[in-house]
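Here's the structure, in C-alpha cells; my notes come after.
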Amino acid sequence: MTTEPTQSLVGQEYEVEVGAVAHGGHCVARTSEGQVLFVRHTLPGERVVARVTDGEEGARFLRADAVRVLEASPDRVEAPCPYSGPGRCGGCDWQHAAPGAQRRLKVSVIAEQLSRLAGLTPEEVGWDGTVEPVPGDKVAKGEVPAWRTRVQYAVDDEGRAGLRRHRSHEVEPVDRCLIAAPGVSELGIEQRQWPQIDTVEAVAATGSNDRQVIITPKPGGRLPIVELDKPVSLMRVDEKDGGVHRVHGRPFVRERAAGRTWRVGSGGFWQVHTNAPDLLVEAVMQGLMPRKGDMALDLYCGVGLFAGALAERVGDQGAVLGIESGKRAAEDARHNLQDLDRVRIEQGKVDQVLPRTGITEADLVVLDPPRAGAGKRTVEHVAGLGARRIAYVACDPAALARDLKYFREAGYRPRKLRAFDLFPMTHHVECVAVLEPAVKGS
Ligand SMILES: C[S@@+](CC[C@H](N)C(=O)[O-])C[C@H]1O[C@@H](n2cnc3c(N)ncnc32)[C@H](O)[C@@H]1O
C-alpha cells in the first residue's frame, strides 16, 4: 500500500482572528478551513497574519508566528528585547505583552488547566484568581525584571554565544539577555568568542559572590582558555559520560535563602529566579503551618530547601525526611542540613524510596516534583499517609491539575492555591497548592 506524501504548509500565511491563550506561550486561532493554529507573538483578540512554522495539511493543528499585526490588542507593547519576535530567540514568549497582561494570560492558562484536567474552579481550589508578581520585580510597562540566575547559552558556528530559536537548534546570537540577573550579565559571556564550544551555562548565586561557568565542548573540541570579566569557577561537561567535571575553582555555588547558606553542586537544582526560594518557602510554611513535634516529608527535595525550613519549625521532637533522586543533590542536602539532627535525606526516586522507608504516617508533606508531576501512584501513596496538610509546588499547571485530580480521588481537597510570576516574560508560572483531607479527622 502506498501513502500519499503529506503537503507541508510551512510558509503558508493565513489572516486570522486570534482567540484564547493556550498553555505553552501561544494563542489559538483557526484557518478559514477550520484548521487549528497555535500562534506565537500575538495576543487574544488580535487580528494578524499568521505564517505557518510547523505542520502539514490534515494535521490536528499547525504552529505559526504572527508576522503582521492588523489589529493590535491594547495589551500589546513594543518588545523591550531586540532579539525577540518571529523566528528569533525562543527564550521569552511574552516580550510583546505588558507585564500585567502577561500575568492575566497565565491566570487564564491555570484556570483552563484546572478546569479541563481536574474539573476544578478557582473557588474550589481557594485561589483568588491572580498571579502574584514577585516583590522587587520591575512591573511597569516596558521594564524587564532581570531575574534569571542561571542562563544556558548556545554557541553558533562562528563561536558567538546566543540563545536557541523557538523549537530549533539554531542560535540567535545576543549581546545581552534582558532577563539575565546582573551577576550573569557581568560575566561578559556574550562579549567573547567560544570556539569549539557547544554550550556555556552561567550561574550567578544569590547572596554570595560565587559565579560558575559550565562549558560543553563540541565533540572532539578542545577546552579553550576561559578569561571572563569576573572570577568564576569553571566546569566542563564530559563528551563521553555527560558528567560535569571541575576544571578550576569550587564545584558548587553557595546560595543564601530562608536564613541559611545552601551548597548547590553543578547540575543540582536551584530555583532560577533570585527571589524564588524565599518566596516559596514562605508560601509553603504559611500553607502547612508546621507544629513542634510534627513528622514531615520533603519529596523531590533537591538540596534540601523545604526540609531545612520544616526542620527548624518541627523542633527536636519532630523529624523530617527528604527524598531526592540526584546523587550530588542528595549529598548537598545532607551537607546543608548537617546541623539539624532530626533530618534524614534518602537518595533515590520517590516512588521507589518512599514505600521502602516503611513510613505509614506523616503530619505534613511538601512535594515539589519536576515538570511531569508526581503521578497517580505517588499521589496515592502520599495521600495514604494521612497528613494533616500537603503542600504541592508546581512549575507546570497541567501536571498540577492532573495530580490534584488524583489527590481528590484519594480523599484530599485543595484548600488554597497561590500562583507566582517566577518566570516573567516567559509563559512559565509557579503554583503552590495546599491540600487537606476532604473529610477532616478521617
Ligand atoms: C523542582 S525540583 C525541586 C527541588 C527543591 N524542592 C527546591 O525547591 O530546591 C525537583 C527535584 O526533584 C528531583 N527529582 C526528579 N525526579 C525525581 C524522582 N522521581 N524522585 C526524587 N527526586 C526526583 C530533581 O533532581 C530535582 O532536584
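Within each chain, counting starts at residue 1; across the C-alpha cells, chains are named A, B, ... in the order shown, with ligands numbered 1 upward in that order.
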Spatial neighbours of stretch 300-306 of chain A, 7 Å, only C-alpha atoms, chain gap at least 3 places, as number ranges by chain: A: 264, 269, 281, 309-310, 322-324, 329-330, 332-333, 367-369
For stretch 123-140 of chain A, find every residue with an atom within 6 Å (counting only C-alpha atoms), except residues of its own chain fewer than 4 positions away, and show them as a PyMOL selection string. chain A and resi 99+103+145+414-417+419-421
Selection export as a PDB file, in the first residue's frame, atoms kept: C-alpha atoms:
```
ATOM      1  CA  PRO A  99       3.614  42.869  32.461  1.00  0.00           C
ATOM      2  CA  ARG A 103       0.104  37.675  34.399  1.00  0.00           C
ATOM      3  CA  PRO A 145      12.983  42.199  35.528  1.00  0.00           C
ATOM      4  CA  PRO A 414      -7.262  21.797  47.711  1.00  0.00           C
ATOM      5  CA  ARG A 415      -7.756  24.385  50.423  1.00  0.00           C
ATOM      6  CA  LYS A 416      -5.656  27.206  48.943  1.00  0.00           C
ATOM      7  CA  LEU A 417      -3.744  27.898  45.767  1.00  0.00           C
ATOM      8  CA  ALA A 419       0.389  31.447  41.748  1.00  0.00           C
ATOM      9  CA  PHE A 420       3.632  33.390  41.370  1.00  0.00           C
ATOM     10  CA  ASP A 421       5.186  35.089  38.355  1.00  0.00           C
TER      11      ASP A 421
END
```
Per DSSP on the backbone, what are the helix (DSSP H, G or I) residues of stretch 248-355 of chain A, as an MDAnalysis selection string? chainID A and resid 276:288 305:314 327:336 350:355
Identify, with DSSP run on backbone atoms, the residues in stretch 296-438 of chain A assigned to strand (DSSP E), and express the list as number ranges by chain. A: 296-299, 319-324, 343-347, 364-367, 389-394, 412-420, 430-437
Which polymer residues have any atom within 6 Å of an atom of A:Ala181, counting only C-alpha atoms, with same-chain residues fewer than 5 positions away left out, as an NGL selection string? :A and (146-149)
